[in-house]
Amino acid sequence: MLAMEEGRKRIVYLAAAMFLCRRLASLGERPSPAREVAFRDSIDLAVDLLRRVDARFPTPNKPR
């Protein structure tokens with residue numbers, strides 16, 4: 001993951017938690033490899049979402 005300021009990291013964590021909750025609800029309670037993958041995927045999805053938002057709404061004083 002690229003270096004990020006703390007506020008942006010919190011946004012990624014929040015979005016990852018939302019993606020993860022949806023996924024874990026469908027997997028049930030038992031430990032499984034699918035649960036571990038869900039954790040990793042949720043972070044990747046959140047970072048991708050943040051990149052898409054940045055691409056669509058760039059900050060004028062921040063280089064791309």
# chains A, B, ... in the order shown; residues from 1 in each chain; ligands from 1
>>> residues_around(residues="segment 53-59 of chain A", least_positions_apart="5", cutoff="12 Å", atoms="only C-alpha atoms", output="list in words")
Arg8, Ile11, Val12, Ala46, Val47, Asp48 and Arg64 of chain A
>>> write_last_selection(atoms="C-alpha atoms", output="short mmCIF file (atom, residue, chain, number, x, y, z; two decimals), in the first residue's frame")
data_model
loop_
_atom_site.label_atom_id
_atom_site.label_comp_id
_atom_site.auth_asym_id
_atom_site.auth_seq_id
_atom_site.Cartn_x
_atom_site.Cartn_y
_atom_site.Cartn_z
CA ARG A 8 -7.04 8.59 4.66
CA ILE A 11 -11.28 6.03 5.64
CA VAL A 12 -9.76 2.90 4.08
CA ALA A 46 -11.34 -0.30 0.04
CA VAL A 47 -8.01 0.89 -1.39
CA ASP A 48 -9.35 0.51 -4.92
CA ARG A 64 -1.48 12.70 -8.96
#
>>> closest_atom_pairs(of="segment 6-35 of chain A", to="segment 40-44 of chain A", cutoff="7 Å", atoms="only C-alpha atoms", output="JSON lines")
{"residue": "A:Ala16", "atom": "CA", "partner": "A:Ser42", "partner_atom": "CA", "distance": 4.8}
{"residue": "A:Phe19", "atom": "CA", "partner": "A:Ser42", "partner_atom": "CA", "distance": 5.4}
{"residue": "A:Leu20", "atom": "CA", "partner": "A:Ser42", "partner_atom": "CA", "distance": 5.4}
>>> select_by_dssp(residues="chain A", states="helix (DSSP H, G or I)", output="PyMOL selection string")
chain A and resi 6-27+33-56
>>> residues_around(residues="Arg35 of chain A", least_positions_apart="4", cutoff="12 Å", atoms="only C-alpha atoms", output="list of chain:residue names")
A:Leu20, A:Cys21, A:Arg22, A:Arg23, A:Leu24, A:Ala25, A:Ser26, A:Leu27, A:Gly28, A:Glu29, A:Arg30, A:Pro31, A:Phe39, A:Arg40, A:Asp41, A:Ser42
>>> write_last_selection(atoms="N, CA and C atoms", output="PDB file, in the first residue's frame")
ATOM      1  N   LEU A  20     -16.127  -6.013   4.560  1.00  0.00           N
ATOM      2  CA  LEU A  20     -15.907  -7.242   5.315  1.00  0.00           C
ATOM      3  C   LEU A  20     -17.189  -7.718   6.002  1.00  0.00           C
ATOM      4  N   CYS A  21     -17.946  -6.802   6.577  1.00  0.00           N
ATOM      5  CA  CYS A  21     -19.194  -7.187   7.255  1.00  0.00           C
ATOM      6  C   CYS A  21     -20.148  -7.891   6.303  1.00  0.00           C
ATOM      7  N   ARG A  22     -20.269  -7.364   5.115  1.00  0.00           N
ATOM      8  CA  ARG A  22     -21.155  -7.999   4.126  1.00  0.00           C
ATOM      9  C   ARG A  22     -20.680  -9.407   3.813  1.00  0.00           C
ATOM     10  N   ARG A  23     -19.390  -9.556   3.648  1.00  0.00           N
ATOM     11  CA  ARG A  23     -18.831 -10.860   3.269  1.00  0.00           C
ATOM     12  C   ARG A  23     -18.931 -11.871   4.400  1.00  0.00           C
ATOM     13  N   LEU A  24     -18.595 -11.441   5.623  1.00  0.00           N
ATOM     14  CA  LEU A  24     -18.623 -12.362   6.758  1.00  0.00           C
ATOM     15  C   LEU A  24     -20.044 -12.813   7.086  1.00  0.00           C
ATOM     16  N   ALA A  25     -21.017 -11.973   6.842  1.00  0.00           N
ATOM     17  CA  ALA A  25     -22.404 -12.343   7.116  1.00  0.00           C
ATOM     18  C   ALA A  25     -22.822 -13.545   6.275  1.00  0.00           C
ATOM     19  N   SER A  26     -22.251 -13.654   5.081  1.00  0.00           N
ATOM     20  CA  SER A  26     -22.627 -14.773   4.227  1.00  0.00           C
ATOM     21  C   SER A  26     -21.794 -16.027   4.480  1.00  0.00           C
ATOM     22  N   LEU A  27     -20.688 -15.906   5.213  1.00  0.00           N
ATOM     23  CA  LEU A  27     -19.808 -17.055   5.432  1.00  0.00           C
ATOM     24  C   LEU A  27     -20.121 -17.857   6.692  1.00  0.00           C
ATOM     25  N   GLY A  28     -20.827 -17.265   7.617  1.00  0.00           N
ATOM     26  CA  GLY A  28     -21.152 -17.988   8.835  1.00  0.00           C
ATOM     27  C   GLY A  28     -20.077 -17.829   9.906  1.00  0.00           C
ATOM     28  N   GLU A  29     -20.184 -18.625  10.971  1.00  0.00           N
ATOM     29  CA  GLU A  29     -19.339 -18.467  12.147  1.00  0.00           C
ATOM     30  C   GLU A  29     -18.047 -19.281  12.129  1.00  0.00           C
ATOM     31  N   ARG A  30     -18.018 -20.374  11.407  1.00  0.00           N
ATOM     32  CA  ARG A  30     -16.869 -21.284  11.475  1.00  0.00           C
ATOM     33  C   ARG A  30     -15.623 -20.687  10.829  1.00  0.00           C
ATOM     34  N   PRO A  31     -14.445 -20.936  11.424  1.00  0.00           N
ATOM     35  CA  PRO A  31     -13.195 -20.495  10.786  1.00  0.00           C
ATOM     36  C   PRO A  31     -12.997 -21.230   9.455  1.00  0.00           C
ATOM     37  N   PHE A  39     -10.871 -11.004   4.606  1.00  0.00           N
ATOM     38  CA  PHE A  39     -10.172  -9.892   5.253  1.00  0.00           C
ATOM     39  C   PHE A  39      -9.250  -9.190   4.260  1.00  0.00           C
ATOM     40  N   ARG A  40      -8.465  -9.969   3.542  1.00  0.00           N
ATOM     41  CA  ARG A  40      -7.526  -9.378   2.573  1.00  0.00           C
ATOM     42  C   ARG A  40      -8.269  -8.678   1.441  1.00  0.00           C
ATOM     43  N   ASP A  41      -9.299  -9.317   0.937  1.00  0.00           N
ATOM     44  CA  ASP A  41     -10.059  -8.733  -0.176  1.00  0.00           C
ATOM     45  C   ASP A  41     -10.739  -7.429   0.221  1.00  0.00           C
ATOM     46  N   SER A  42     -11.239  -7.363   1.449  1.00  0.00           N
ATOM     47  CA  SER A  42     -11.934  -6.153   1.877  1.00  0.00           C
ATOM     48  C   SER A  42     -10.987  -4.957   1.900  1.00  0.00           C
TER      49      SER A  42
END
